[in-house]
file query.txt (compact mmCIF, N, CA, C and O atoms)
# COMPACT_ATOMS: atom_id res chain seq x y z
N MET A 21 -7.74 -1.81 35.45
CA MET A 21 -8.15 -2.74 34.40
C MET A 21 -8.95 -3.86 35.09
O MET A 21 -8.54 -4.41 36.09
N ALA A 22 -10.04 -4.21 34.49
CA ALA A 22 -10.90 -5.26 35.04
C ALA A 22 -10.20 -6.61 34.92
O ALA A 22 -9.30 -6.80 34.09
N ASP A 23 -10.61 -7.56 35.75
CA ASP A 23 -10.01 -8.90 35.73
C ASP A 23 -10.12 -9.55 34.36
O ASP A 23 -9.17 -10.19 33.90
N ASP A 24 -11.27 -9.38 33.69
CA ASP A 24 -11.46 -9.97 32.36
C ASP A 24 -10.47 -9.36 31.36
O ASP A 24 -9.90 -10.08 30.54
N GLU A 25 -10.30 -8.06 31.42
CA GLU A 25 -9.37 -7.40 30.51
C GLU A 25 -7.94 -7.84 30.78
O GLU A 25 -7.18 -8.08 29.86
N GLN A 26 -7.58 -7.94 32.05
CA GLN A 26 -6.24 -8.36 32.42
C GLN A 26 -5.97 -9.79 31.94
O GLN A 26 -4.91 -10.09 31.41
N ARG A 27 -6.94 -10.66 32.08
CA ARG A 27 -6.81 -12.04 31.64
C ARG A 27 -6.64 -12.10 30.11
O ARG A 27 -5.82 -12.86 29.60
N LEU A 28 -7.40 -11.28 29.40
CA LEU A 28 -7.31 -11.23 27.95
C LEU A 28 -5.91 -10.75 27.52
O LEU A 28 -5.30 -11.33 26.62
N VAL A 29 -5.40 -9.73 28.18
CA VAL A 29 -4.05 -9.23 27.87
C VAL A 29 -3.02 -10.31 28.11
O VAL A 29 -2.11 -10.53 27.30
N GLU A 30 -3.15 -11.04 29.20
CA GLU A 30 -2.20 -12.11 29.51
C GLU A 30 -2.28 -13.23 28.48
O GLU A 30 -1.26 -13.79 28.08
N GLU A 31 -3.49 -13.56 28.03
CA GLU A 31 -3.65 -14.60 27.01
C GLU A 31 -3.02 -14.17 25.69
O GLU A 31 -2.35 -14.97 25.02
N ILE A 32 -3.22 -12.92 25.32
CA ILE A 32 -2.63 -12.40 24.07
C ILE A 32 -1.11 -12.42 24.17
O ILE A 32 -0.42 -12.83 23.24
N GLN A 33 -0.57 -11.99 25.31
CA GLN A 33 0.88 -12.00 25.50
C GLN A 33 1.43 -13.42 25.44
O GLN A 33 2.51 -13.64 24.88
N ALA A 34 0.72 -14.38 25.99
CA ALA A 34 1.15 -15.78 25.95
C ALA A 34 1.17 -16.29 24.51
O ALA A 34 2.10 -17.01 24.11
N GLU A 35 0.17 -15.93 23.73
CA GLU A 35 0.12 -16.35 22.33
C GLU A 35 1.24 -15.70 21.53
O GLU A 35 1.86 -16.33 20.67
N LEU A 36 1.50 -14.42 21.78
CA LEU A 36 2.58 -13.73 21.07
C LEU A 36 3.94 -14.35 21.40
O LEU A 36 4.82 -14.40 20.54
N ALA A 37 4.11 -14.83 22.63
CA ALA A 37 5.36 -15.45 23.01
C ALA A 37 5.61 -16.73 22.22
O ALA A 37 6.75 -17.10 21.97
N LYS A 38 4.55 -17.41 21.80
CA LYS A 38 4.68 -18.65 21.03
C LYS A 38 4.88 -18.40 19.54
O LYS A 38 5.40 -19.25 18.83
N LEU A 39 4.46 -17.24 19.06
CA LEU A 39 4.48 -16.93 17.63
C LEU A 39 5.90 -16.68 17.14
O LEU A 39 6.69 -16.01 17.79
N LYS A 40 6.21 -17.26 15.98
CA LYS A 40 7.51 -17.04 15.36
C LYS A 40 7.31 -16.11 14.16
O LYS A 40 6.27 -16.12 13.51
N VAL A 41 8.33 -15.34 13.86
CA VAL A 41 8.28 -14.43 12.71
C VAL A 41 8.06 -15.23 11.44
O VAL A 41 7.29 -14.83 10.57
N SER A 42 8.69 -16.39 11.33
CA SER A 42 8.52 -17.20 10.12
C SER A 42 7.07 -17.63 9.95
O SER A 42 6.56 -17.67 8.82
N ASP A 43 6.37 -17.93 11.05
CA ASP A 43 4.96 -18.29 10.96
C ASP A 43 4.14 -17.12 10.42
O ASP A 43 3.26 -17.29 9.57
N LEU A 44 4.43 -15.94 10.94
CA LEU A 44 3.71 -14.74 10.49
C LEU A 44 4.00 -14.45 9.02
O LEU A 44 3.09 -14.11 8.26
N LEU A 45 5.24 -14.62 8.61
CA LEU A 45 5.58 -14.38 7.20
C LEU A 45 4.91 -15.39 6.28
O LEU A 45 4.46 -15.02 5.19
N LEU A 46 4.83 -16.64 6.70
CA LEU A 46 4.13 -17.64 5.89
C LEU A 46 2.66 -17.27 5.73
O LEU A 46 2.09 -17.36 4.64
N GLN A 47 2.04 -16.84 6.81
CA GLN A 47 0.64 -16.42 6.75
C GLN A 47 0.49 -15.18 5.85
O GLN A 47 -0.46 -15.07 5.08
N THR A 48 1.44 -14.29 5.94
CA THR A 48 1.43 -13.09 5.09
C THR A 48 1.55 -13.47 3.62
O THR A 48 0.83 -12.93 2.77
N LEU A 49 2.44 -14.40 3.30
CA LEU A 49 2.59 -14.85 1.91
C LEU A 49 1.29 -15.45 1.40
O LEU A 49 0.90 -15.21 0.25
N TYR A 50 0.64 -16.24 2.24
CA TYR A 50 -0.63 -16.83 1.84
C TYR A 50 -1.67 -15.73 1.56
O TYR A 50 -2.35 -15.75 0.54
N SER A 51 -1.75 -14.75 2.44
CA SER A 51 -2.72 -13.67 2.27
C SER A 51 -2.42 -12.84 1.03
O SER A 51 -3.33 -12.51 0.25
N VAL A 52 -1.15 -12.52 0.82
CA VAL A 52 -0.76 -11.71 -0.34
C VAL A 52 -1.04 -12.46 -1.63
O VAL A 52 -1.57 -11.89 -2.60
N SER A 53 -0.72 -13.75 -1.67
CA SER A 53 -0.97 -14.51 -2.90
C SER A 53 -2.46 -14.64 -3.17
O SER A 53 -2.91 -14.51 -4.32
N SER A 54 -3.24 -14.86 -2.14
CA SER A 54 -4.70 -14.96 -2.32
C SER A 54 -5.28 -13.66 -2.84
O SER A 54 -6.10 -13.64 -3.76
N LEU A 55 -4.85 -12.57 -2.26
CA LEU A 55 -5.33 -11.26 -2.70
C LEU A 55 -4.87 -10.96 -4.12
O LEU A 55 -5.63 -10.42 -4.92
N GLY A 56 -3.65 -11.34 -4.44
CA GLY A 56 -3.14 -11.14 -5.81
C GLY A 56 -4.00 -11.87 -6.82
O GLY A 56 -4.38 -11.30 -7.85
N TYR A 57 -4.32 -13.12 -6.55
CA TYR A 57 -5.20 -13.87 -7.47
C TYR A 57 -6.58 -13.25 -7.55
O TYR A 57 -7.19 -13.18 -8.62
N HIS A 58 -7.07 -12.79 -6.42
CA HIS A 58 -8.41 -12.18 -6.40
C HIS A 58 -8.46 -10.92 -7.27
O HIS A 58 -9.48 -10.63 -7.89
N ARG A 59 -7.38 -10.19 -7.33
CA ARG A 59 -7.33 -8.93 -8.10
C ARG A 59 -7.10 -9.14 -9.60
O ARG A 59 -7.01 -8.18 -10.35
N LEU A 60 -7.03 -10.39 -10.03
CA LEU A 60 -6.82 -10.66 -11.45
C LEU A 60 -8.07 -10.51 -12.30
O LEU A 60 -7.98 -10.30 -13.50
N SER A 61 -9.24 -10.61 -11.71
CA SER A 61 -10.45 -10.60 -12.53
C SER A 61 -11.62 -10.03 -11.76
O SER A 61 -11.54 -9.75 -10.57
N GLY A 62 -12.72 -9.91 -12.48
CA GLY A 62 -13.96 -9.43 -11.87
C GLY A 62 -13.94 -7.93 -11.60
O GLY A 62 -13.10 -7.19 -12.12
N GLU A 63 -14.88 -7.51 -10.79
CA GLU A 63 -15.00 -6.09 -10.48
C GLU A 63 -13.80 -5.57 -9.72
O GLU A 63 -13.47 -4.40 -9.79
N GLY A 64 -13.12 -6.45 -8.98
CA GLY A 64 -11.97 -6.04 -8.19
C GLY A 64 -10.66 -6.09 -8.95
O GLY A 64 -9.60 -5.95 -8.36
N ARG A 65 -10.74 -6.25 -10.28
CA ARG A 65 -9.53 -6.35 -11.09
C ARG A 65 -8.66 -5.11 -10.91
O ARG A 65 -9.11 -3.99 -11.10
N ASP A 66 -7.42 -5.35 -10.53
CA ASP A 66 -6.47 -4.25 -10.32
C ASP A 66 -5.07 -4.82 -10.55
O ASP A 66 -4.46 -5.40 -9.66
N LEU A 67 -4.59 -4.66 -11.77
CA LEU A 67 -3.32 -5.27 -12.14
C LEU A 67 -2.14 -4.65 -11.41
O LEU A 67 -1.13 -5.33 -11.20
N GLU A 68 -2.26 -3.42 -10.99
CA GLU A 68 -1.18 -2.82 -10.20
C GLU A 68 -1.06 -3.52 -8.85
O GLU A 68 0.04 -3.76 -8.35
N GLN A 69 -2.19 -3.90 -8.27
CA GLN A 69 -2.17 -4.64 -7.00
C GLN A 69 -1.61 -6.05 -7.21
O GLN A 69 -0.90 -6.57 -6.35
N VAL A 70 -1.89 -6.65 -8.36
CA VAL A 70 -1.33 -7.96 -8.67
C VAL A 70 0.19 -7.85 -8.79
O VAL A 70 0.93 -8.68 -8.25
N ARG A 71 0.64 -6.81 -9.47
CA ARG A 71 2.08 -6.59 -9.61
C ARG A 71 2.73 -6.42 -8.23
O ARG A 71 3.80 -6.98 -7.95
N LEU A 72 2.08 -5.67 -7.36
CA LEU A 72 2.60 -5.47 -6.01
C LEU A 72 2.65 -6.79 -5.23
O LEU A 72 3.61 -7.06 -4.50
N ALA A 73 1.64 -7.63 -5.41
CA ALA A 73 1.63 -8.95 -4.77
C ALA A 73 2.81 -9.78 -5.27
O ALA A 73 3.50 -10.44 -4.48
N ILE A 74 3.04 -9.76 -6.57
CA ILE A 74 4.15 -10.51 -7.16
C ILE A 74 5.48 -10.04 -6.59
O ILE A 74 6.32 -10.85 -6.16
N GLU A 75 5.68 -8.74 -6.56
CA GLU A 75 6.94 -8.20 -6.04
C GLU A 75 7.12 -8.52 -4.56
O GLU A 75 8.24 -8.79 -4.10
N SER A 76 6.04 -8.52 -3.81
CA SER A 76 6.10 -8.87 -2.38
C SER A 76 6.50 -10.32 -2.19
O SER A 76 7.35 -10.64 -1.35
N LEU A 77 5.90 -11.20 -2.98
CA LEU A 77 6.26 -12.61 -2.91
C LEU A 77 7.72 -12.82 -3.31
O LEU A 77 8.45 -13.58 -2.65
N ARG A 78 8.16 -12.13 -4.35
CA ARG A 78 9.54 -12.26 -4.79
C ARG A 78 10.52 -11.81 -3.72
O ARG A 78 11.62 -12.37 -3.59
N ALA A 79 10.13 -10.83 -2.93
CA ALA A 79 11.00 -10.32 -1.87
C ALA A 79 11.00 -11.21 -0.64
O ALA A 79 12.04 -11.43 -0.01
N LEU A 80 9.82 -11.72 -0.28
CA LEU A 80 9.70 -12.43 1.00
C LEU A 80 10.04 -13.92 0.96
O LEU A 80 10.54 -14.47 1.94
N VAL A 81 9.77 -14.57 -0.16
CA VAL A 81 10.03 -16.02 -0.21
C VAL A 81 11.51 -16.33 0.08
O VAL A 81 11.79 -17.19 0.93
N PRO A 82 12.45 -15.64 -0.53
CA PRO A 82 13.86 -15.96 -0.23
C PRO A 82 14.24 -15.71 1.23
O PRO A 82 15.12 -16.38 1.76
N VAL A 83 13.60 -14.77 1.87
CA VAL A 83 13.89 -14.46 3.27
C VAL A 83 13.62 -15.67 4.16
O VAL A 83 14.30 -15.89 5.17
N LEU A 84 12.64 -16.47 3.78
CA LEU A 84 12.23 -17.62 4.59
C LEU A 84 13.07 -18.87 4.36
O LEU A 84 12.93 -19.84 5.10
N GLU A 85 13.92 -18.86 3.36
CA GLU A 85 14.71 -20.05 3.07
C GLU A 85 15.61 -20.37 4.26
O GLU A 85 16.27 -19.51 4.81
N GLY A 86 15.54 -21.63 4.68
CA GLY A 86 16.30 -22.09 5.82
C GLY A 86 15.55 -22.01 7.14
O GLY A 86 15.98 -22.57 8.13
N THR A 87 14.42 -21.30 7.15
CA THR A 87 13.65 -21.17 8.39
C THR A 87 12.23 -21.71 8.27
O THR A 87 11.59 -21.95 9.28
N ALA A 88 11.76 -21.88 7.05
CA ALA A 88 10.40 -22.39 6.83
C ALA A 88 10.51 -23.77 6.20
O ALA A 88 11.53 -24.12 5.59
N PRO A 89 9.46 -24.57 6.33
CA PRO A 89 9.48 -25.91 5.73
C PRO A 89 9.71 -25.84 4.22
O PRO A 89 9.15 -24.98 3.53
N GLU A 90 10.54 -26.75 3.73
CA GLU A 90 10.87 -26.78 2.30
C GLU A 90 9.64 -26.93 1.41
O GLU A 90 9.57 -26.32 0.35
N ASP A 91 8.68 -27.74 1.85
CA ASP A 91 7.48 -27.93 1.02
C ASP A 91 6.67 -26.65 0.93
O ASP A 91 6.10 -26.33 -0.12
N ALA A 92 6.63 -25.85 1.98
CA ALA A 92 5.92 -24.57 1.95
C ALA A 92 6.62 -23.61 0.99
O ALA A 92 5.96 -22.93 0.19
N LEU A 93 7.94 -23.57 1.05
CA LEU A 93 8.68 -22.69 0.15
C LEU A 93 8.50 -23.12 -1.30
O LEU A 93 8.34 -22.27 -2.19
N ARG A 94 8.55 -24.43 -1.53
CA ARG A 94 8.33 -24.94 -2.90
C ARG A 94 6.95 -24.52 -3.40
O ARG A 94 6.80 -24.06 -4.53
N ASP A 95 5.95 -24.64 -2.54
CA ASP A 95 4.59 -24.24 -2.92
C ASP A 95 4.52 -22.75 -3.25
O ASP A 95 3.88 -22.36 -4.23
N PHE A 96 5.17 -21.92 -2.44
CA PHE A 96 5.13 -20.49 -2.71
C PHE A 96 5.92 -20.10 -3.95
O PHE A 96 5.55 -19.16 -4.66
N HIS A 97 6.99 -20.82 -4.25
CA HIS A 97 7.70 -20.58 -5.52
C HIS A 97 6.76 -20.89 -6.69
O HIS A 97 6.73 -20.15 -7.67
N GLN A 98 5.99 -21.97 -6.57
CA GLN A 98 5.04 -22.33 -7.63
C GLN A 98 3.91 -21.31 -7.72
O GLN A 98 3.50 -20.92 -8.82
N VAL A 99 3.40 -20.87 -6.58
CA VAL A 99 2.36 -19.85 -6.58
C VAL A 99 2.87 -18.58 -7.26
O VAL A 99 2.16 -17.97 -8.08
N LEU A 100 4.10 -18.19 -6.95
CA LEU A 100 4.68 -17.01 -7.56
C LEU A 100 4.77 -17.16 -9.08
O LEU A 100 4.38 -16.27 -9.83
N ALA A 101 5.25 -18.31 -9.53
CA ALA A 101 5.36 -18.54 -10.98
C ALA A 101 3.99 -18.50 -11.64
O ALA A 101 3.82 -17.86 -12.70
N ASN A 102 3.00 -19.13 -11.03
CA ASN A 102 1.65 -19.14 -11.59
C ASN A 102 1.04 -17.74 -11.61
O ASN A 102 0.37 -17.36 -12.59
N LEU A 103 1.26 -16.99 -10.55
CA LEU A 103 0.71 -15.63 -10.49
C LEU A 103 1.38 -14.74 -11.54
O LEU A 103 0.72 -13.93 -12.19
N GLN A 104 2.67 -14.92 -11.74
CA GLN A 104 3.37 -14.15 -12.77
C GLN A 104 2.82 -14.47 -14.16
O GLN A 104 2.61 -13.56 -14.98
N LEU A 105 2.57 -15.74 -14.44
CA LEU A 105 2.00 -16.13 -15.74
C LEU A 105 0.59 -15.57 -15.92
O LEU A 105 0.25 -15.06 -17.00
N ALA A 106 -0.21 -15.65 -14.86
CA ALA A 106 -1.57 -15.12 -14.93
C ALA A 106 -1.55 -13.60 -15.12
O ALA A 106 -2.36 -13.05 -15.88
N TYR A 107 -0.62 -12.94 -14.47
CA TYR A 107 -0.48 -11.48 -14.60
C TYR A 107 -0.08 -11.13 -16.04
O TYR A 107 -0.67 -10.23 -16.65
N ALA A 108 0.86 -11.85 -16.60
CA ALA A 108 1.31 -11.59 -17.97
C ALA A 108 0.13 -11.77 -18.95
O ALA A 108 -0.04 -10.96 -19.86
N SER A 109 -0.67 -12.79 -18.73
CA SER A 109 -1.83 -13.01 -19.59
C SER A 109 -2.84 -11.88 -19.44
O SER A 109 -3.40 -11.40 -20.43
N ALA A 110 -3.05 -11.44 -18.22
CA ALA A 110 -4.01 -10.36 -17.97
C ALA A 110 -3.56 -9.06 -18.59
O ALA A 110 -4.35 -8.32 -19.16
N VAL A 111 -2.26 -8.78 -18.50
CA VAL A 111 -1.72 -7.57 -19.12
C VAL A 111 -1.87 -7.63 -20.63
O VAL A 111 -2.23 -6.64 -21.27
N ALA A 112 -1.64 -8.80 -21.21
CA ALA A 112 -1.76 -8.97 -22.66
C ALA A 112 -3.20 -8.77 -23.13
O ALA A 112 -3.43 -8.33 -24.25
N GLU A 113 -4.16 -9.06 -22.26
CA GLU A 113 -5.58 -8.91 -22.59
C GLU A 113 -6.08 -7.46 -22.47
O GLU A 113 -7.12 -7.13 -22.98
N GLU A 114 -5.31 -6.64 -21.74
CA GLU A 114 -5.74 -5.25 -21.52
C GLU A 114 -5.81 -4.51 -22.85
O GLU A 114 -4.91 -4.64 -23.68
N PRO A 115 -6.86 -3.71 -23.03
CA PRO A 115 -6.92 -2.89 -24.24
C PRO A 115 -5.82 -1.85 -24.22
O PRO A 115 -5.45 -1.33 -23.17
N GLN A 116 -5.25 -1.58 -25.39
CA GLN A 116 -4.20 -0.58 -25.49
C GLN A 116 -4.78 0.82 -25.33
O GLN A 116 -5.79 1.14 -25.93
N ALA A 117 -4.10 1.64 -24.53
CA ALA A 117 -4.60 3.01 -24.29
C ALA A 117 -4.25 3.92 -25.44
O ALA A 117 -3.34 3.76 -26.15

call {"tool": "encode", "arguments": {"input": "query.txt", "output": "structure tokens"}}
result
Amino acid sequence: MADDEQRLVEEIQAELAKLKVSDLLLQTLYSVSSLGYHRLSGEGRDLEQVRLAIESLRALVPVLEGTAPEDALRDFHQVLANLQLAYASAVAEEPQA
């Protein structure tokens, strides 16, 4: 392995050593909620993906209680509630098959 590659591997390992699972889960919640909102409208509208985002948030938010900042959890509870309301409205707008 070249010196540059070895240095890169060591830097990545050092960063991974600092990373906490709770940090990764918070980032995941942010990504899932953003994608869920994105799938509510436009050409990328996919209500099944929105439903999956909602269920993912419902499963993961409680896991973080006690390990993540309270304000972050409060924000994600609100995001979940808002996404659920937006999903319900979108489903109600769907034409009946």

call {"tool": "closest_residue", "arguments": {"input": "query.txt", "among": "A:Leu84, A:Ala112, A:Leu103, A:Ala92", "to": "Arg71 in chain A", "atoms": "only N, CA, C and O atoms"}}
result
A:Leu103

call {"tool": "atom_distance", "arguments": {"input": "query.txt", "atom1": "atom O of Val83 in chain A", "atom2": "atom O of Asn102 in chain A"}}
result
22.6 Å

call {"tool": "atom_distance", "arguments": {"input": "query.txt", "atom1": "CA of Glu25 in chain A", "atom2": "CA of Asp43 in chain A"}}
result
26.6 Å

call {"tool": "atom_distance", "arguments": {"input": "query.txt", "atom1": "atom N of Leu80 in chain A", "atom2": "atom N of Leu39 in chain A"}}
result
20.8 Å

call {"tool": "residues_around", "arguments": {"input": "query.txt", "residues": "Leu49 in chain A", "least_positions_apart": "6", "cutoff": "8 Å", "atoms": "all atoms listed in the file", "output": "VMD selection string"}}
result
chain A and resid 42 to 43 55 to 56 73 76 to 77 80 to 81 96
